[in-house]
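Chemist: Attaching a single structure in structure tokens format; questions to follow.
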Amino acid sequence: MLSMYETIMELPLFKGIGVDQVSSMLSKTSIEFLNFNEGEVIIRPNDKADSVNFILKGKVTVTHTLSNLKIDIVETAGEGRVIGALRLFGLNTDYSCLIKAKSKVSVMRIGKEQYFNLLFTDKIYILNLLNYISAATQKPVDRIIRLTDCSILSRLSMLASVFTSSKSDSVSLIASDEALADFCSVDPSEFRLWKNTECQTGTVLVTDVGITFKSLPYNFFK
């Protein structure tokens with residue numbers, strides 16, 4: 001089992017820092033360590049992103065609601081997930097997703113001002129943040145460029161992959177057949193036929209409320 005220091009050094013925004021830097025950060029930065037029970041809400045849509053959060057233990061569900069499309073994109077994420085870093089700065093600093101504990105969850109939380117001050121203590125912190133932001137902003141373009149066709153699977157995979165992390169444990173689309181068919185620009189009957197075929201081949205798992213990718217959507221963009 002990793003120690004607290006080792007766990008922190010594995011987090012995306014702290015890659016490359018040493019034990020001394022972790023010790024200094026913990027002693028000089030105001031950091032909260034929070035615990036959530038299964039089902040508790042960690043972040044709500046429209047909450048202000050006034051901190052950056054790290055999942056240290058446990059699993060969370062992240063729900064991205066696309067109201068106009070009547071589709072929810074739900075992913076399960078675990079240790080190492082960063083929450084809030086992409087919403088700290090910019091014109092819109094409100095969260096757009098709902099994050100709930102799927103099990104007992106431990107979170108490390110650093111306030112926005114504290115994190116901003118930390119960035120200027122060592123360039124490694126700034127470099128990690130820039131790499132993190134760059135990867136997130138380049139992802140949608142990369143997904144579109146790597147599309148090989150406009151099939152139903154490709155369209156749904158692209159939609160899911162834009163909103164979710166490649167390190168997620170699972171990704172589901174919660175929606176009616178009609179909503180998913182409309183997004184893919186096909187008739188509902190054609191979508192149902194596709195769904196039954198893909199279920200038999202093992203690409204997706206059909207549920208009462210939508211579909212779950214049996215292989216993460218990123219795997220369709222080789």
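Every chain in the structure tokens has a letter given in the order shown (A, B, ...), and although residue numbers restart at 1 in each chain, ligands are simply numbered from 1 in the order shown.
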If you run DSSP on the backbone, which residues of segment 122-207 of chain A are helix (DSSP H, G or I), as a count of residues only?
Modeler: 56
Chemist: What's around segment 97-108 of chain A at 6 Å? Count only C-alpha atoms, leave out sequence neighbours fewer than 3 positions away in its own chain, and write the answer as a PDB file with C-alpha atoms, in the first residue's frame.
Modeler:
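Result saved to out_9.pdb:
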ATOM      1  CA  GLU A  32      -8.317  19.723   3.726  1.00  0.00           C
ATOM      2  CA  PHE A  33      -8.690  15.949   3.857  1.00  0.00           C
ATOM      3  CA  LEU A  34     -12.354  15.060   3.515  1.00  0.00           C
ATOM      4  CA  ASN A  35     -14.264  11.791   3.726  1.00  0.00           C
ATOM      5  CA  PHE A  36     -17.554  10.987   1.988  1.00  0.00           C
ATOM      6  CA  ASN A  37     -19.839   8.022   2.441  1.00  0.00           C
ATOM      7  CA  GLU A  38     -21.440   6.109  -0.410  1.00  0.00           C
ATOM      8  CA  GLY A  39     -24.133   8.212  -2.073  1.00  0.00           C
ATOM      9  CA  GLU A  40     -22.966  11.552  -0.696  1.00  0.00           C
ATOM     10  CA  VAL A  41     -22.684  14.435  -3.134  1.00  0.00           C
ATOM     11  CA  ILE A  42     -19.171  15.836  -3.528  1.00  0.00           C
ATOM     12  CA  ILE A  43     -19.834  18.372  -6.297  1.00  0.00           C
ATOM     13  CA  ARG A  44     -23.118  19.677  -7.703  1.00  0.00           C
ATOM     14  CA  PRO A  45     -23.725  21.347 -11.079  1.00  0.00           C
ATOM     15  CA  ASN A  53      -9.718  18.196  -5.446  1.00  0.00           C
ATOM     16  CA  PHE A  54      -7.955  14.840  -5.673  1.00  0.00           C
ATOM     17  CA  ILE A  55      -9.508  11.417  -5.106  1.00  0.00           C
ATOM     18  CA  LEU A  56      -7.105   9.590  -2.798  1.00  0.00           C
ATOM     19  CA  LYS A  57      -9.231   6.523  -2.065  1.00  0.00           C
ATOM     20  CA  GLY A  58     -12.534   5.093  -3.255  1.00  0.00           C
ATOM     21  CA  LYS A  59     -14.723   5.470  -6.325  1.00  0.00           C
ATOM     22  CA  VAL A  60     -16.946   8.287  -7.564  1.00  0.00           C
ATOM     23  CA  THR A  61     -19.576   8.606 -10.281  1.00  0.00           C
ATOM     24  CA  VAL A  62     -19.351  11.663 -12.517  1.00  0.00           C
ATOM     25  CA  THR A  63     -22.548  12.554 -14.377  1.00  0.00           C
ATOM     26  CA  HIS A  64     -22.449  14.941 -17.330  1.00  0.00           C
TER      27      HIS A  64
END
Chemist: Name the closest residue to Leu91 of chain A among the candidates A:Phe191, A:Ser154, A:Asn117, A:Ala49; distances are taken between atoms, counting only C-alpha atoms.
Modeler: A:Ala49
Chemist: Any idea what's packed within 12 Å of segment 6-18 of chain A, counting only C-alpha atoms, ignoring anything in its chain fewer than 5 positions away? Could you give it as an MDAnalysis selection string?
Modeler: chainID A and resid 1 23:26 52:57 78:86 106:110 115 118:119 121:133 135 167
Chemist: Restricting the output to C-alpha atoms, write the selected residues as a compact mmCIF listing (two decimals), in the first residue's frame.
Modeler:
# COMPACT_ATOMS: atom_id res chain seq x y z
CA MET A 1 0.00 0.00 0.00
CA SER A 23 6.50 17.75 3.13
CA SER A 24 6.90 21.46 2.47
CA MET A 25 3.54 21.66 0.70
CA LEU A 26 1.71 19.90 3.53
CA VAL A 52 -8.88 21.67 -6.73
CA ASN A 53 -9.72 18.20 -5.45
CA PHE A 54 -7.96 14.84 -5.67
CA ILE A 55 -9.51 11.42 -5.11
CA LEU A 56 -7.10 9.59 -2.80
CA LYS A 57 -9.23 6.52 -2.06
CA GLY A 78 -11.15 6.24 -8.75
CA GLU A 79 -7.84 7.11 -7.13
CA GLY A 80 -5.91 9.91 -8.81
CA ARG A 81 -8.90 11.65 -10.38
CA VAL A 82 -8.50 15.43 -10.40
CA ILE A 83 -11.63 17.51 -9.86
CA GLY A 84 -11.88 21.23 -10.48
CA ALA A 85 -8.51 22.07 -12.05
CA LEU A 86 -10.08 22.87 -15.45
CA SER A 106 -11.19 10.23 0.66
CA VAL A 107 -10.52 13.59 -0.98
CA MET A 108 -7.61 16.02 -0.71
CA ARG A 109 -8.83 19.59 -1.28
CA ILE A 110 -6.66 22.67 -1.90
CA TYR A 115 -3.15 26.35 -5.09
CA LEU A 118 1.69 26.86 -4.68
CA LEU A 119 2.14 27.19 -8.45
CA THR A 121 6.87 27.94 -5.44
CA ASP A 122 8.33 25.64 -8.11
CA LYS A 123 8.00 25.54 -11.89
CA ILE A 124 7.17 21.80 -11.76
CA TYR A 125 3.70 22.69 -10.43
CA ILE A 126 3.06 25.09 -13.32
CA LEU A 127 4.39 22.58 -15.85
CA ASN A 128 2.11 19.84 -14.54
CA LEU A 129 -0.93 22.14 -14.67
CA LEU A 130 -0.14 23.29 -18.21
CA ASN A 131 0.30 19.69 -19.37
CA TYR A 132 -2.98 18.74 -17.72
CA ILE A 133 -4.88 21.63 -19.33
CA ALA A 135 -4.23 17.36 -22.74
CA LYS A 167 -8.55 6.35 -16.84
Chemist: Could you pull out the strand (DSSP E or B) residues of chain A, going by DSSP on the backbone, and write them as a PyMOL selection string?
Modeler: chain A and resi 31-36+41-43+48+51-57+60-66+71-77+82-83+94+97-101+105-111+170-174+204-207+210-213
Chemist: If you measure from atom CA of Arg155 of chain A to atom CA of Cys184 of chain A, what distance in Å do you get, rounded to one decimal?
Modeler: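 Going from atom CA of Arg155 of chain A over to atom CA of Cys184 of chain A, I get 6.4 Å.
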Chemist: Neighbouring residues of Ser170 of chain A were defined as those with any atom within 12 Å, considering only C-alpha atoms; residues of the same chain fewer than 6 positions away were excluded. Please report them as a ChimeraX atom specification.
Modeler: /A:59-63,73-78,160-161,164,204-205,211-218
Chemist: Taking only C-alpha atoms into account, which of A:Val22, A:Asn68, A:Ala179, A:Ser30 comes nearest Ser3 of chain A?
Modeler: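 Residue with the minimum atom-to-atom distance to Ser3 of chain A: A:Val22.
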Chemist: So, counting only C-alpha atoms, which residue among A:Ile71, A:Val186, A:Glu113, A:Ser27 is closest to Ser51 of chain A?
Modeler: A:Glu113
